[in-house]
Amino acid sequence: MALRRDRAHYLFLAPALVISLSIVLVPALLTFGAAFTLWDGVSAPHFTGLSNFSAIAADPVLWIAIGNNIQWTLIFLTIPMAIALVAASVLLGRSRSAAVFQVIFLLPYVLSPVANAVIWQNIIFSPVSGVVSFISRTLIPLQSPLANPDTALYAVAAVDIWHFWGYLTVIFFAAMRQTPTDQLEAAFLEGANGWQVFRFVTLPNIMPTLGLMLVLVTIFSFLTFDYVYLITQGGPARATEILSTYAYKFAFTSFQVGKAAAVALIMSFFGLLASIAYVALSRSSIER
Amino acid sequence: MADTVRQSPRPISRTLANAFLVGAVLIAVLPLLLVAVNTFKPHASIVANPLSLPTSFDFSNFARAWRGGNFGVGLVNSLLLSGTTVVLTLVCASLAAVALARQHIAGWKLVTIYFLCATTVPIQLFLFPLYFVFARLGLVGNFAATGVVLTAINLPVAIFLLRAYVISIPREIDDAAFMDGANSWQTFRYILLPLMQPGLITVAIIVFLNSWNEFLITSTFQKGRDNVTMTLGYLSMNGTYATDQGAMMAGAFILVAPIVVFFLVMQRYFVSGMSAGAVKG
């Protein structure tokens, strides 16, 4: 098939490219510059070299945030992954009802983080009006897990996992359904049990999807913002502070935009490592 | 198809699987059921027992929530913002998808890799300068400007989904149109666009939900009481309405119920789009 040069296709590409370059790429380059300046967002920035980086490196909060981001990543690479793999495997044997279950599992995923966060805060975690308060008065004394620095990160993660695992389930289920039927039948004929079928037939078949999801979850764990900011704003006592909330407060609470930009660059560095893996994994789909 | 395979022949694992499914369904819907149950209850009875069923049906919670959450203003703004984002994304992404799928231009590979990188770029990497430039230009609170930002964020995924649809359309079809004298625009408008229709619907639904639910960009750029969206209006109730959980639950119901209905009606497109976007062979 001969490639036909087509100038009009440059015009086709133009609107998307102009929007993306002016909203994403150019401001990203400005962020890169701003990270090396003292800037309040309003007056003219002035160059200060690496002082933003040395200032935040000396701030223990940065290291707390990185530690929390790593913990968050480990939680999301294990718990929702495991739940979704089990859920997708279970759905595999139920082709008729699977569609209904998928829709139910996706409900929390399609609702806004604002709705989900506020619902959990008020009707579940609230020490006054929530299920936690009710259990505390009737069964065992309980503090709101959000108020305790030892449990706050897990409590927020629980809400985010509740909203997220359905998405992973749908992705894994779609991948598992592509497992060649003859492989599954052969495995059953040879007397493999459910676990053996999963381990030796299903799992190798969904490996590319699983790898992609591990990379995406790692990226999004370093960039996560909504649920933490909405539920705890990084508190109590910085127990849930993560890089994104730390950066956001620099920009919009103390107007230290240079420092916010420096934190954004650190976040992007972690994201970049995962992005390289993501692009490498997606290469086959570009090349066709 | 998978339904020719009978899995889990042993009754024990079948029971375990059923128990897992029941538990998973309960966990997924329980917080939402709690909202529905408490929507009609007064604050005192929610505090006394959030798990009890309502004894009477009091619609006054809805009236207070509607005013408290500024939902009248929020509904209009949410529709304007999400509508702008969906239209702009569909136009830009469908054109770009054709250009990238047909590879008639130099540098298509570079642009494809650029958009691939853009799917994972952190919002924080461009948010701060963008906000202060928008503030300088007086664009903060302008739904159309915020819609352009949300479009930029949704574009990569939209382009890749639509590109897959274009790739599935045989090139012979465009070549035949070219032979018949159609120019590129006519080929796009009258041949490719109609064939991409299922993809356009899927992308429209996903982008609509994304922009309706978005928090970081929307809360940063839609400042001001007249510019709130449905979600931001509800968020402003949180805390100030701590002593009126009846209104909080009614507000959650107002916010969540339309999206649940919308999703249930459109779920087929949503699920297929998600699977197509993430499953790699």
# chains A, B, ... in the order shown; residues from 1 in each chain; ligands from 1
$ residues_around --residues "Val37 of chain B" --least-positions-apart "5" --cutoff "8 Å" --atoms "only C-alpha atoms" --output "MDAnalysis selection string"
chainID B and resid 51:54
$ write_last_selection --atoms "N, CA and C atoms" --output "mmCIF file, in the first residue's frame"
data_model
loop_
_atom_site.group_PDB
_atom_site.id
_atom_site.type_symbol
_atom_site.label_atom_id
_atom_site.label_comp_id
_atom_site.auth_asym_id
_atom_site.auth_seq_id
_atom_site.Cartn_x
_atom_site.Cartn_y
_atom_site.Cartn_z
ATOM 1 N N LEU B 51 -27.980 3.407 60.301
ATOM 2 C CA LEU B 51 -28.354 2.184 59.580
ATOM 3 C C LEU B 51 -29.853 1.935 59.577
ATOM 4 N N SER B 52 -30.610 2.744 60.330
ATOM 5 C CA SER B 52 -32.057 2.483 60.417
ATOM 6 C C SER B 52 -32.782 2.985 59.174
ATOM 7 N N LEU B 53 -33.904 2.353 58.894
ATOM 8 C CA LEU B 53 -34.718 2.783 57.752
ATOM 9 C C LEU B 53 -35.519 4.025 58.142
ATOM 10 N N PRO B 54 -35.844 4.872 57.171
ATOM 11 C CA PRO B 54 -36.627 6.060 57.519
ATOM 12 C C PRO B 54 -38.030 5.661 57.972
#
$ select_by_dssp --residues "segment 215-270 of chain A" --states "alpha helix (DSSP H)" --output "MDAnalysis selection string"
chainID A and resid 215:223 226:231 243:252 257:270
$ write_last_selection --atoms "N, CA and C atoms" --output "short mmCIF file (atom, residue, chain, number, x, y, z; two decimals), in the first residue's frame"
data_model
loop_
_atom_site.label_atom_id
_atom_site.label_comp_id
_atom_site.auth_asym_id
_atom_site.auth_seq_id
_atom_site.Cartn_x
_atom_site.Cartn_y
_atom_site.Cartn_z
N VAL A 215 2.14 -0.67 35.73
CA VAL A 215 2.82 0.59 35.41
C VAL A 215 1.88 1.77 35.64
N LEU A 216 0.63 1.66 35.15
CA LEU A 216 -0.31 2.77 35.30
C LEU A 216 -0.61 3.05 36.77
N VAL A 217 -0.80 1.98 37.55
CA VAL A 217 -1.09 2.17 38.98
C VAL A 217 0.10 2.84 39.67
N THR A 218 1.31 2.46 39.27
CA THR A 218 2.50 3.10 39.86
C THR A 218 2.52 4.59 39.53
N ILE A 219 2.26 4.91 38.24
CA ILE A 219 2.24 6.32 37.84
C ILE A 219 1.19 7.08 38.65
N PHE A 220 -0.04 6.56 38.64
CA PHE A 220 -1.12 7.29 39.29
C PHE A 220 -0.95 7.36 40.80
N SER A 221 -0.23 6.39 41.38
CA SER A 221 -0.01 6.45 42.82
C SER A 221 0.92 7.61 43.18
N PHE A 222 1.83 7.94 42.29
CA PHE A 222 2.71 9.07 42.57
C PHE A 222 2.04 10.41 42.28
N LEU A 223 0.99 10.38 41.47
CA LEU A 223 0.31 11.63 41.11
C LEU A 223 -1.00 11.80 41.86
N ASP A 226 -6.89 13.62 44.42
CA ASP A 226 -8.28 13.91 44.75
C ASP A 226 -8.72 13.40 46.13
N TYR A 227 -8.60 12.08 46.32
CA TYR A 227 -9.18 11.52 47.54
C TYR A 227 -8.46 12.01 48.79
N VAL A 228 -7.13 12.10 48.72
CA VAL A 228 -6.39 12.57 49.89
C VAL A 228 -6.74 14.02 50.19
N TYR A 229 -6.71 14.87 49.17
CA TYR A 229 -6.98 16.28 49.40
C TYR A 229 -8.41 16.49 49.92
N LEU A 230 -9.37 15.76 49.34
CA LEU A 230 -10.77 15.94 49.72
C LEU A 230 -11.05 15.43 51.13
N ILE A 231 -10.41 14.33 51.51
CA ILE A 231 -10.79 13.70 52.79
C ILE A 231 -9.97 14.25 53.95
N LEU A 243 3.01 14.05 47.72
CA LEU A 243 3.69 15.06 46.92
C LEU A 243 2.69 16.06 46.30
N SER A 244 1.55 15.55 45.80
CA SER A 244 0.62 16.45 45.11
C SER A 244 -0.03 17.45 46.07
N THR A 245 -0.37 17.02 47.29
CA THR A 245 -0.98 17.96 48.23
C THR A 245 0.07 18.95 48.73
N TYR A 246 1.29 18.47 48.90
CA TYR A 246 2.41 19.32 49.33
C TYR A 246 2.64 20.42 48.29
N ALA A 247 2.66 20.05 47.00
CA ALA A 247 2.86 21.03 45.92
C ALA A 247 1.70 22.01 45.86
N TYR A 248 0.47 21.47 45.98
CA TYR A 248 -0.72 22.32 45.84
C TYR A 248 -0.75 23.40 46.91
N LYS A 249 -0.37 23.03 48.14
CA LYS A 249 -0.37 24.01 49.23
C LYS A 249 0.67 25.10 48.99
N PHE A 250 1.85 24.71 48.48
CA PHE A 250 2.86 25.73 48.15
C PHE A 250 2.28 26.74 47.16
N ALA A 251 1.58 26.23 46.12
CA ALA A 251 1.11 27.13 45.06
C ALA A 251 -0.05 28.01 45.52
N PHE A 252 -1.03 27.40 46.21
CA PHE A 252 -2.28 28.13 46.44
C PHE A 252 -2.54 28.50 47.89
N VAL A 257 5.20 29.65 44.43
CA VAL A 257 4.99 28.90 43.20
C VAL A 257 6.28 28.22 42.75
N GLY A 258 7.42 28.87 43.01
CA GLY A 258 8.71 28.25 42.66
C GLY A 258 8.89 26.91 43.35
N LYS A 259 8.55 26.87 44.66
CA LYS A 259 8.68 25.60 45.39
C LYS A 259 7.65 24.59 44.89
N ALA A 260 6.44 25.07 44.60
CA ALA A 260 5.42 24.16 44.05
C ALA A 260 5.93 23.54 42.76
N ALA A 261 6.57 24.37 41.91
CA ALA A 261 7.09 23.87 40.64
C ALA A 261 8.20 22.84 40.89
N ALA A 262 9.03 23.10 41.90
CA ALA A 262 10.10 22.16 42.21
C ALA A 262 9.52 20.80 42.63
N VAL A 263 8.48 20.82 43.48
CA VAL A 263 7.85 19.56 43.88
C VAL A 263 7.21 18.88 42.66
N ALA A 264 6.60 19.70 41.78
CA ALA A 264 5.98 19.13 40.57
C ALA A 264 7.04 18.42 39.72
N LEU A 265 8.22 18.99 39.67
CA LEU A 265 9.29 18.34 38.89
C LEU A 265 9.69 17.01 39.52
N ILE A 266 9.76 16.99 40.85
CA ILE A 266 10.10 15.73 41.52
C ILE A 266 9.03 14.67 41.21
N MET A 267 7.74 15.10 41.30
CA MET A 267 6.65 14.17 40.97
C MET A 267 6.80 13.66 39.54
N SER A 268 7.12 14.59 38.63
CA SER A 268 7.21 14.22 37.23
C SER A 268 8.35 13.27 36.98
N PHE A 269 9.42 13.42 37.76
CA PHE A 269 10.55 12.51 37.61
C PHE A 269 10.11 11.08 37.91
N PHE A 270 9.38 10.91 39.04
CA PHE A 270 8.87 9.57 39.35
C PHE A 270 7.92 9.10 38.25
#
$ closest_residue --among "A:Arg238, A:Arg199, A:Arg137, A:Arg94" --to "Ala152 of chain A" --atoms "only C-alpha atoms"
A:Arg238
$ closest_residue --among "A:Ala88, A:Leu62, A:Leu38, A:Ile171" --to "chain B" --atoms "only C-alpha atoms"
A:Ile171
$ atom_distance --atom1 "atom CA of Phe53 of chain A" --atom2 "atom CA of Gln233 of chain A"
23.0 Å
$ interface_residues --of "chain B" --to "chain A" --cutoff "6 Å" --atoms "only C-alpha atoms" --output "list of chain:residue names"
B:Asp3, B:Gln7, B:Ala17, B:Ala28, B:Val47, B:Cys92, B:Leu95, B:Ala96, B:Ala99, B:His104, B:Gln124, B:Leu125, B:Phe126, B:Pro129, B:Leu130, B:Phe132, B:Ala152, B:Asn213, B:Ser275, B:Val279, B:Lys280
$ write_last_selection --atoms "N, CA, C and O atoms" --output "CSV table (one decimal), in the first residue's frame"
chain,number,residue,atom,x,y,z
B,3,ASP,N,-18.5,-18.7,27.3
B,3,ASP,CA,-19.6,-19.5,27.9
B,3,ASP,C,-19.6,-20.9,27.4
B,3,ASP,O,-20.4,-21.7,27.9
B,7,GLN,N,-16.5,-23.5,34.1
B,7,GLN,CA,-15.4,-23.4,35.1
B,7,GLN,C,-15.9,-23.8,36.5
B,7,GLN,O,-17.1,-24.0,36.7
B,17,ALA,N,-16.9,-18.7,45.4
B,17,ALA,CA,-17.0,-17.7,44.4
B,17,ALA,C,-18.3,-16.9,44.6
B,17,ALA,O,-18.3,-15.6,44.5
B,28,ALA,N,-19.6,-2.6,47.1
B,28,ALA,CA,-19.7,-1.6,46.1
B,28,ALA,C,-20.9,-0.7,46.3
B,28,ALA,O,-20.8,0.5,46.1
B,47,VAL,N,-28.0,10.6,63.3
B,47,VAL,CA,-27.0,10.5,64.4
B,47,VAL,C,-27.3,9.4,65.3
B,47,VAL,O,-26.4,8.6,65.7
B,92,CYS,N,-11.6,17.9,17.9
B,92,CYS,CA,-10.2,17.8,17.8
B,92,CYS,C,-9.7,16.4,17.7
B,92,CYS,O,-8.8,16.1,16.9
B,95,LEU,N,-10.5,14.5,14.3
B,95,LEU,CA,-9.6,14.9,13.2
B,95,LEU,C,-8.2,14.4,13.4
B,95,LEU,O,-7.6,13.8,12.4
B,96,ALA,N,-7.7,14.5,14.6
B,96,ALA,CA,-6.3,14.1,14.9
B,96,ALA,C,-6.2,12.6,14.7
B,96,ALA,O,-5.2,12.0,14.2
B,99,ALA,N,-5.7,11.7,11.1
B,99,ALA,CA,-4.4,12.1,10.7
B,99,ALA,C,-3.3,11.1,11.2
B,99,ALA,O,-2.4,10.7,10.4
B,104,HIS,N,-0.5,9.9,6.8
B,104,HIS,CA,-0.1,10.5,5.5
B,104,HIS,C,0.8,11.7,5.7
B,104,HIS,O,1.1,12.4,4.8
B,124,GLN,N,0.0,18.5,37.9
B,124,GLN,CA,0.8,19.5,38.6
B,124,GLN,C,2.0,20.0,37.8
B,124,GLN,O,2.5,21.0,38.1
B,125,LEU,N,2.4,19.2,36.7
B,125,LEU,CA,3.5,19.7,35.9
B,125,LEU,C,3.2,21.0,35.1
B,125,LEU,O,4.0,21.7,34.8
B,126,PHE,N,1.9,21.1,34.8
B,126,PHE,CA,1.5,22.3,34.0
B,126,PHE,C,0.5,23.2,34.7
B,126,PHE,O,0.3,24.4,34.3
B,129,PRO,N,1.9,27.3,36.5
B,129,PRO,CA,2.0,28.4,35.6
B,129,PRO,C,0.7,28.7,34.8
B,129,PRO,O,0.3,29.9,34.7
B,130,LEU,N,0.0,27.7,34.4
B,130,LEU,CA,-1.3,27.8,33.7
B,130,LEU,C,-2.2,28.7,34.5
B,130,LEU,O,-2.9,29.6,34.0
B,132,PHE,N,-1.7,30.8,36.9
B,132,PHE,CA,-1.3,32.2,37.1
B,132,PHE,C,-1.4,33.0,35.8
B,132,PHE,O,-1.7,34.2,35.8
B,152,ALA,N,-7.7,19.5,26.9
B,152,ALA,CA,-6.3,19.1,26.7
B,152,ALA,C,-6.0,17.8,27.5
B,152,ALA,O,-5.3,17.0,27.0
B,213,ASN,N,-17.1,14.9,36.6
B,213,ASN,CA,-16.6,14.5,37.9
B,213,ASN,C,-15.3,15.1,38.3
B,213,ASN,O,-14.8,15.0,39.4
B,275,SER,N,-12.4,-1.1,28.1
B,275,SER,CA,-11.7,-2.3,27.7
B,275,SER,C,-10.8,-2.0,26.5
B,275,SER,O,-9.6,-2.4,26.5
B,279,VAL,N,-6.7,-2.8,27.2
B,279,VAL,CA,-6.3,-4.1,26.9
B,279,VAL,C,-5.3,-4.2,25.8
B,279,VAL,O,-5.7,-3.7,24.7
B,280,LYS,N,-4.1,-4.6,26.1
B,280,LYS,CA,-3.1,-4.7,25.0
B,280,LYS,C,-2.8,-6.1,24.8
B,280,LYS,O,-2.6,-6.9,25.7
$ residues_around --residues "Leu146 of chain A" --least-positions-apart "6" --cutoff "8 Å" --atoms "only C-alpha atoms" --output "number ranges by chain"
A: 125, 152-153, 155-156, 232, 236
$ write_last_selection --atoms "N, CA and C atoms" --output "PDB file, in the first residue's frame"
ATOM      1  N   PHE A 125     -17.239   7.472  58.123  1.00  0.00           N
ATOM      2  CA  PHE A 125     -16.146   7.777  59.049  1.00  0.00           C
ATOM      3  C   PHE A 125     -16.514   8.781  60.142  1.00  0.00           C
ATOM      4  N   ALA A 152      -4.884   7.082  59.304  1.00  0.00           N
ATOM      5  CA  ALA A 152      -5.525   7.990  58.344  1.00  0.00           C
ATOM      6  C   ALA A 152      -5.211   7.611  56.886  1.00  0.00           C
ATOM      7  N   LEU A 153      -3.932   7.286  56.627  1.00  0.00           N
ATOM      8  CA  LEU A 153      -3.557   6.979  55.242  1.00  0.00           C
ATOM      9  C   LEU A 153      -4.312   5.746  54.736  1.00  0.00           C
ATOM     10  N   ALA A 155      -7.174   4.679  55.852  1.00  0.00           N
ATOM     11  CA  ALA A 155      -8.608   4.996  55.728  1.00  0.00           C
ATOM     12  C   ALA A 155      -8.889   5.689  54.406  1.00  0.00           C
ATOM     13  N   VAL A 156      -8.022   6.645  54.027  1.00  0.00           N
ATOM     14  CA  VAL A 156      -8.216   7.326  52.745  1.00  0.00           C
ATOM     15  C   VAL A 156      -8.003   6.329  51.599  1.00  0.00           C
ATOM     16  N   THR A 232      -8.666  14.421  53.792  1.00  0.00           N
ATOM     17  CA  THR A 232      -7.849  14.837  54.945  1.00  0.00           C
ATOM     18  C   THR A 232      -6.995  16.081  54.697  1.00  0.00           C
ATOM     19  N   PRO A 236      -4.188  14.046  59.491  1.00  0.00           N
ATOM     20  CA  PRO A 236      -3.792  14.874  60.632  1.00  0.00           C
ATOM     21  C   PRO A 236      -2.277  14.807  60.854  1.00  0.00           C
TER      22      PRO A 236
END
